Each structure stands twice: as C-alpha cells, then as structure tokens.
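A.B. asks: The structure that follows is given in the form of structure tokens.
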Amino acid sequence: VTEGATTGYGYGVLGDYKSLKTYSANGTYYLYDTTKPMSGVIETRTANYGSSLPGSYSVDSNNAFTSTSQGADVDAHYYAGTVYDYYYNTHGRNSYDNNGATIRSTVHYGSNYNNAFWNGAQMVYGDGDGSTFDPLSGAQDVVAHEITHAVIERTAGLRYQDQSGALNESMADVFGYFVEPEDFLLGEDVYTPNKSGDALRSLSNPDAYGQPSHMDDYYYTSSDNGGVHTNSGIPNKAAYLTIQSIGKTKAEKIYYRAMSVYLTPTSNFSAARSALLQATSDLYGTGSTYNSVASAWSQVGVN
Ligand SMILES: CCCCC[C@H](S)C(=O)N[C@@H](Cc1ccccc1)C(=O)N[C@@H](C)C(=O)O
Ligand SMILES: [Ca+2]
Ligand SMILES: [Zn+2]
C-alpha cells in the first residue's frame with residue numbers, strides 16, 4: 001500500500017471545488033499537507049462537535065472530501081495553506097514561528113459556535129449557528145485573522161487588552177485583508193448566510209458596523225477585554241487610509257516590519273503610529289510615503 005503525500009479534492013463551505021494536499025497511510029486519506037518548504041506541516045482535525053482539542057484527524061476513505069459536513073475541514077485546510085504561502089512568499093516567514101511550526105486547525109468545535117480563535121497552540125473554528133455565521137473556516141480572511149494572532153504572539157506579543165488588544169485585533173484584520181484583498185470587508189463570506197452584502201467589520205467604513213473610526217469615539221468598556229473588537233475600528237481605518245494612499249505592496253511591507261520589529265506587548269495606538277512611521281522610514285525614507293502614513297493616523301485622531 002502506498003504511503004505518502006497525495007492530492008485529493010473536496011467542496012468548501014460554499015460548495016466550491018478545491019484541490020487538497022493530503023496524506024495517505026494504510027488506505028486512509030488525511031488532511032495533512034507535507035508539501036510546504038522547510039518542513040511546515042499543515043494539519044486539520046475535527047472536534048466532532050465537542051470541545052476537546054485537538055480532536056481527531058479529518059480523514060476520508062477515498063481522498064474526496066465531498067460531504068457537506070466536510071466543507072469546514074476542506075476550507076480550514078486549504079486556507080491555512082494559502083496563509084502559509086502568503087507569509088512565506090511575501091514576507092519570507094516560514095510559518096507563524098518563522099521556524100516551520102505545524103499549523104494545526106480544528107473544526108466542528110462545539111455546537112453552533114459563532115466564533116473562531118487561536119488558543120496559543122492551534123486554530124479553532126466553530127460551525128456557526130447558520131444564522132449569524134456559517135462554519136467560520138469558510139472565509140479566507142477569518143483564517144488569516146487567526147493565523148496572524150499566532151504571528152503576533154511570536155513577534156509583537158500585543159497584550160489582548162484595551163489599546164494593545166485593539167491593535168492586536170486590528171493587525172489580525174489588516175492581514176486578513178492583505179491575504180484576501182478583494183474587498184475591505186471582514187467575514188463577509190460566512191457572516192449572515194441568509195443576508196447578502198453585509199460583513200462583521202469593514203476596514204473602509206468601521207462605523208457601518210458599529211465601530212469607531214476616530215479616537216474621539218474610543219469606546220471605554222470593561223467587556224470584550226476593553227472593547228478590542230470595537231476599538232480596532234480606529235487602527236483599521238488608519239490602515240485603510242494608508243493602503244488607499246500608498247498601495248497594498250508598500251503597506252504590507254510596512255505593517256509586517258512594524259509588527260515583527262517594533263511593536264511590543266504594551267504598544268498603544270500612538271506607539272503603533274510611531275512603529276509604522278519607523279518601519280516606513282527604514283523601507284522608503286521620509287518622503288511622500290512617510291507623510292501618507294502620518295496623515296492616515298492624524299485623520300483617525302492618533303498623533
Ligand atoms: C474565544 C474568545 C474570542 C476570541 C476572539 C477571536 S481572536 C476573534 O477575534 N475571532 C474573530 C473571528 C472573525 C474574524 C474575521 C471576520 C469574522 C470573524 C472575531 O472577530 N470574532 C468576533 C465574533 C468576536 O469575538 O467578537
Ligand atoms: Ca474579506
Ligand atoms: Zn481575533
């Protein structure tokens with residue numbers, strides 16, 4: 001019996017065909033991708049609607065992951081691969097630890113769970129309740145958001161509280177855009193499956209989804225670790241303005257350098273402005289690009 005890397009296929013959450021990097025051993029096919037350079041393995045598992053992690057490998061008997069319930073597994077696996085490729089090809093980073101760490105995802109976590117998270121060791125995806133969310137791995141920007149939390153943990157280490165926490169959330173959203181740049185919306189592919197045209201958040205118009213886009217409207221609260229999913233609208237808007245003025249190619253290099261070199265666990269919004277300006281200066285000098293970044297943060301009331 002052959003054992004080793006194989007290529008299978010499946011249908012994602014939205015019913016779309018996807019080719020999959022799988023692994024075959026004793027007649028079973030696993031969502032286990034050994035094809036990434038420098039040993040970064042990507043493996044996908046299922047919690048089988050329970051909450052114990054990491055759960056069991058997502059397997060199939062004929063390398064065709066085509067059942068409806070396998071859609072979440074297919075997309076978690078496929079999109080994790082695209083996010084690995086983004087960080088490796090664009091920023092030369094080999095997995096979230098820059099040392100080929102295994103990227104592990106577990107889907108079908110809990111029952112009707114309307115969220116996804118990085119738990120310090122792996123990604124975890126709920127199936128959603130079918131009204132607020134479809135299975136959350138069905139959105140590439142969600143997967144990029146979660147893997148970016150892992151990158152942040154190994155670089156800036158932004159504390160998940162108040163401004164540093166909102167910055168953590170914002171960087172996760174901003175790299176969600178860099179990986180899936182066709183719109184400035186977040187979660188649109190899995191959010192409210194019965195309603196089209198909406199999203200959970202928007203980088204271009206945070207206010208459309210209840211987020212502030214200026215420091216004057218900072219939301220002081222004790223919930224959600226100090227409103228990290230609300231106040232991320234302010235740095236998200238600054239990122240949008242930056243991308244609009246200098247373009248994605250320069251912006252993603254500036255953001256990656258700020259995240260990986262200058263930001264620290266206690267960086268607040270003002271420190272983020274400084275980190276991004278320093279990164280801009282390192283990469284592009286202090287001319288128009290620098291002025292555009294400075295202007296973006298001034299427009300959201302951060303100096
Ligand atoms: C378990 C505790 C909560 C962890 C929050 C994770 S990191 C998170 O931020 N998840 C994202 C998922 C996401 C990402 C992009 C687009 C849509 C949805 C998130 O924003 N969760 C919302 C629902 C929240 O927790 O308020
Ligand atoms: Ca999107
Ligand atoms: Zn998050």
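Each chain in the structure tokens gets a letter, A, B, ..., in the order shown, and its residues are numbered from 1; ligands are numbered from 1 in order too.
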Identify, counting only C-alpha atoms and all ligand atoms, the protein, DNA and RNA residues located within 7 Å of ligand 2, and give them as a ChimeraX atom specification.
C.D. replies: /A:141,177,180-188
A.B. asks: Do you know which residues are within 9 Å of ligand 3 using only C-alpha atoms and all ligand atoms? Can you write them as a list in words?
C.D. replies: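 Those within range of ligand 3 are Ala116, Phe117, Trp118, Val142, His145, Glu146, Thr148, His149, Asn168, Glu169, Ser170, Met171, Ala172, Asp173, Val228 and His229 of chain A.
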A.B. asks: Select from region 16-86 of chain A everything DSSP, run on the backbone, classes as alpha helix (DSSP H), then give the selection as a VMD selection string.
C.D. replies: chain A and resid 71 to 86
A.B. asks: Just all heavy atoms for this one: save the residues we selected as a compact mmCIF listing (two decimals), in the first residue's frame.
C.D. replies:
# COMPACT_ATOMS: atom_id res chain seq x y z
N GLY A 71 -17.08 20.35 4.53
CA GLY A 71 -16.77 21.66 3.96
C GLY A 71 -15.88 22.51 4.87
O GLY A 71 -14.94 23.15 4.43
N ALA A 72 -16.17 22.46 6.17
CA ALA A 72 -15.39 23.24 7.13
C ALA A 72 -13.96 22.73 7.19
O ALA A 72 -13.00 23.51 7.25
CB ALA A 72 -16.04 23.17 8.50
N ASP A 73 -13.80 21.41 7.13
CA ASP A 73 -12.47 20.78 7.16
C ASP A 73 -11.70 21.19 5.91
O ASP A 73 -10.53 21.58 5.98
CB ASP A 73 -12.57 19.25 7.21
CG ASP A 73 -13.55 18.75 8.27
OD1 ASP A 73 -14.73 19.17 8.27
OD2 ASP A 73 -13.14 17.92 9.09
N VAL A 74 -12.37 21.10 4.76
CA VAL A 74 -11.75 21.43 3.47
C VAL A 74 -11.21 22.87 3.49
O VAL A 74 -10.05 23.12 3.17
CB VAL A 74 -12.77 21.26 2.31
CG1 VAL A 74 -12.28 21.94 1.03
CG2 VAL A 74 -13.06 19.78 2.08
N ASP A 75 -12.04 23.80 3.92
CA ASP A 75 -11.64 25.21 3.88
C ASP A 75 -10.59 25.56 4.92
O ASP A 75 -9.66 26.33 4.66
CB ASP A 75 -12.85 26.12 4.03
CG ASP A 75 -13.63 26.27 2.72
OD1 ASP A 75 -13.05 25.98 1.64
OD2 ASP A 75 -14.81 26.65 2.77
N ALA A 76 -10.69 24.98 6.12
CA ALA A 76 -9.67 25.26 7.14
C ALA A 76 -8.31 24.82 6.62
O ALA A 76 -7.31 25.54 6.74
CB ALA A 76 -10.01 24.52 8.43
N HIS A 77 -8.30 23.65 5.97
CA HIS A 77 -7.04 23.09 5.46
C HIS A 77 -6.50 23.91 4.28
O HIS A 77 -5.34 24.32 4.27
CB HIS A 77 -7.28 21.64 5.04
CG HIS A 77 -6.05 20.85 4.82
ND1 HIS A 77 -5.14 20.59 5.82
CD2 HIS A 77 -5.54 20.26 3.68
CE1 HIS A 77 -4.14 19.86 5.34
NE2 HIS A 77 -4.37 19.65 4.04
N TYR A 78 -7.39 24.16 3.32
CA TYR A 78 -6.98 24.88 2.12
C TYR A 78 -6.53 26.31 2.43
O TYR A 78 -5.46 26.75 2.00
CB TYR A 78 -8.16 24.90 1.12
CG TYR A 78 -7.82 25.58 -0.19
CD1 TYR A 78 -7.25 24.86 -1.22
CD2 TYR A 78 -8.06 26.94 -0.36
CE1 TYR A 78 -6.92 25.49 -2.43
CE2 TYR A 78 -7.73 27.58 -1.55
CZ TYR A 78 -7.17 26.85 -2.57
OH TYR A 78 -6.85 27.48 -3.76
N TYR A 79 -7.33 27.02 3.23
CA TYR A 79 -7.00 28.43 3.52
C TYR A 79 -5.78 28.56 4.42
O TYR A 79 -5.01 29.51 4.30
CB TYR A 79 -8.20 29.17 4.11
CG TYR A 79 -9.29 29.45 3.10
CD1 TYR A 79 -10.62 29.22 3.40
CD2 TYR A 79 -8.99 29.92 1.81
CE1 TYR A 79 -11.64 29.48 2.48
CE2 TYR A 79 -9.99 30.17 0.89
CZ TYR A 79 -11.31 29.95 1.22
OH TYR A 79 -12.31 30.20 0.30
N ALA A 80 -5.56 27.59 5.32
CA ALA A 80 -4.34 27.63 6.12
C ALA A 80 -3.13 27.55 5.19
O ALA A 80 -2.13 28.24 5.39
CB ALA A 80 -4.31 26.47 7.12
N GLY A 81 -3.26 26.74 4.13
CA GLY A 81 -2.17 26.63 3.16
C GLY A 81 -1.93 27.95 2.43
O GLY A 81 -0.78 28.35 2.23
N THR A 82 -3.00 28.65 2.10
CA THR A 82 -2.83 29.93 1.39
C THR A 82 -2.22 30.98 2.31
O THR A 82 -1.46 31.84 1.86
CB THR A 82 -4.17 30.46 0.84
OG1 THR A 82 -5.04 30.80 1.92
CG2 THR A 82 -4.85 29.45 -0.06
N VAL A 83 -2.56 30.92 3.60
CA VAL A 83 -1.99 31.90 4.54
C VAL A 83 -0.51 31.59 4.78
O VAL A 83 0.31 32.50 4.83
CB VAL A 83 -2.80 31.95 5.86
CG1 VAL A 83 -2.15 32.92 6.85
CG2 VAL A 83 -4.24 32.36 5.59
N TYR A 84 -0.18 30.29 4.87
CA TYR A 84 1.24 29.92 4.96
C TYR A 84 1.98 30.50 3.75
O TYR A 84 3.01 31.16 3.87
CB TYR A 84 1.43 28.39 4.99
CG TYR A 84 2.89 28.01 4.97
CD1 TYR A 84 3.58 27.79 6.15
CD2 TYR A 84 3.59 27.93 3.77
CE1 TYR A 84 4.95 27.49 6.13
CE2 TYR A 84 4.95 27.65 3.73
CZ TYR A 84 5.62 27.44 4.91
OH TYR A 84 6.96 27.15 4.90
N ASP A 85 1.42 30.28 2.55
CA ASP A 85 2.06 30.76 1.33
C ASP A 85 2.21 32.28 1.33
O ASP A 85 3.24 32.82 0.92
CB ASP A 85 1.23 30.35 0.10
CG ASP A 85 1.22 28.85 -0.12
OD1 ASP A 85 2.09 28.14 0.44
OD2 ASP A 85 0.31 28.35 -0.84
N TYR A 86 1.17 32.98 1.82
CA TYR A 86 1.27 34.45 1.87
C TYR A 86 2.45 34.87 2.72
O TYR A 86 3.30 35.68 2.30
CB TYR A 86 -0.02 35.07 2.43
CG TYR A 86 0.15 36.55 2.72
CD1 TYR A 86 0.09 37.48 1.69
CD2 TYR A 86 0.45 37.00 4.01
CE1 TYR A 86 0.32 38.84 1.93
CE2 TYR A 86 0.68 38.35 4.27
CZ TYR A 86 0.61 39.26 3.22
OH TYR A 86 0.84 40.59 3.45
A.B. asks: Please provide the set of residues having any atom within 8 Å of region 107-110 of chain A, restricted to only C-alpha atoms, with same-chain residues fewer than 4 positions apart removed, written as a compact mmCIF listing (two decimals) with N, CA, C and O atoms, in the first residue's frame.
C.D. replies:
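File written: part_12.txt
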# COMPACT_ATOMS: atom_id res chain seq x y z
N THR A 44 -5.24 19.33 9.67
CA THR A 44 -6.60 19.75 10.01
C THR A 44 -7.32 18.61 10.70
O THR A 44 -7.23 17.46 10.26
N ARG A 45 -8.00 18.97 11.78
CA ARG A 45 -8.67 17.99 12.62
C ARG A 45 -10.11 18.40 12.89
O ARG A 45 -10.51 19.52 12.59
N THR A 46 -10.87 17.49 13.49
CA THR A 46 -12.24 17.80 13.85
C THR A 46 -12.49 17.51 15.32
O THR A 46 -11.98 16.52 15.86
N ALA A 47 -13.23 18.37 15.96
CA ALA A 47 -13.60 18.16 17.36
C ALA A 47 -14.91 17.38 17.46
O ALA A 47 -15.42 17.14 18.55
N ASN A 48 -15.46 17.04 16.28
CA ASN A 48 -16.71 16.27 16.24
C ASN A 48 -17.80 16.86 17.13
O ASN A 48 -18.46 16.15 17.89
N TYR A 49 -17.90 18.18 17.07
CA TYR A 49 -18.95 18.95 17.77
C TYR A 49 -18.78 18.94 19.29
O TYR A 49 -19.67 19.39 20.02
N GLY A 50 -17.62 18.51 19.73
CA GLY A 50 -17.30 18.57 21.15
C GLY A 50 -16.34 19.71 21.39
O GLY A 50 -16.13 20.54 20.50
N SER A 51 -15.75 19.77 22.58
CA SER A 51 -14.85 20.89 22.85
C SER A 51 -13.48 20.42 23.32
O SER A 51 -12.68 21.22 23.83
N ALA A 72 -16.17 22.46 6.17
CA ALA A 72 -15.39 23.24 7.13
C ALA A 72 -13.96 22.73 7.19
O ALA A 72 -13.00 23.51 7.25
N ASP A 73 -13.80 21.41 7.13
CA ASP A 73 -12.47 20.78 7.16
C ASP A 73 -11.70 21.19 5.91
O ASP A 73 -10.53 21.58 5.98
N ALA A 76 -10.69 24.98 6.12
CA ALA A 76 -9.67 25.26 7.14
C ALA A 76 -8.31 24.82 6.62
O ALA A 76 -7.31 25.54 6.74
N VAL A 124 -8.99 27.20 16.13
CA VAL A 124 -10.22 26.50 16.46
C VAL A 124 -11.36 27.22 15.76
O VAL A 124 -11.45 28.44 15.81
N TYR A 125 -12.22 26.47 15.08
CA TYR A 125 -13.32 27.07 14.32
C TYR A 125 -14.66 26.46 14.72
O TYR A 125 -14.81 25.23 14.75
N GLY A 126 -15.61 27.35 15.02
CA GLY A 126 -16.97 26.89 15.23
C GLY A 126 -17.68 26.72 13.91
O GLY A 126 -17.25 27.23 12.88
N ASP A 127 -18.83 26.04 13.95
CA ASP A 127 -19.65 25.85 12.75
C ASP A 127 -20.64 26.97 12.54
O ASP A 127 -21.34 27.01 11.53
N PRO A 135 -19.99 27.91 8.97
CA PRO A 135 -18.69 27.50 9.55
C PRO A 135 -17.59 28.50 9.22
O PRO A 135 -17.39 28.85 8.06
N SER A 137 -14.37 28.71 9.10
CA SER A 137 -13.19 28.49 8.25
C SER A 137 -13.52 28.70 6.77
O SER A 137 -12.61 28.72 5.94
A.B. asks: Considering only C-alpha atoms, can you say which of A:Asn89, A:Thr28, A:Thr35, A:Asp162 comes closest to Ala64 (chain A)?
C.D. replies: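 Smallest distance to Ala64 (chain A) is found for A:Thr28.
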A.B. asks: Out of A:Ala156, A:Ala239, A:Ala296, A:Leu14, which residue has the shortest atom-to-atom distance to Thr68 (chain A) when counting only C-alpha atoms?
C.D. replies: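 Among A:Ala156, A:Ala239, A:Ala296, A:Leu14, it is A:Leu14 that comes nearest to Thr68 (chain A).
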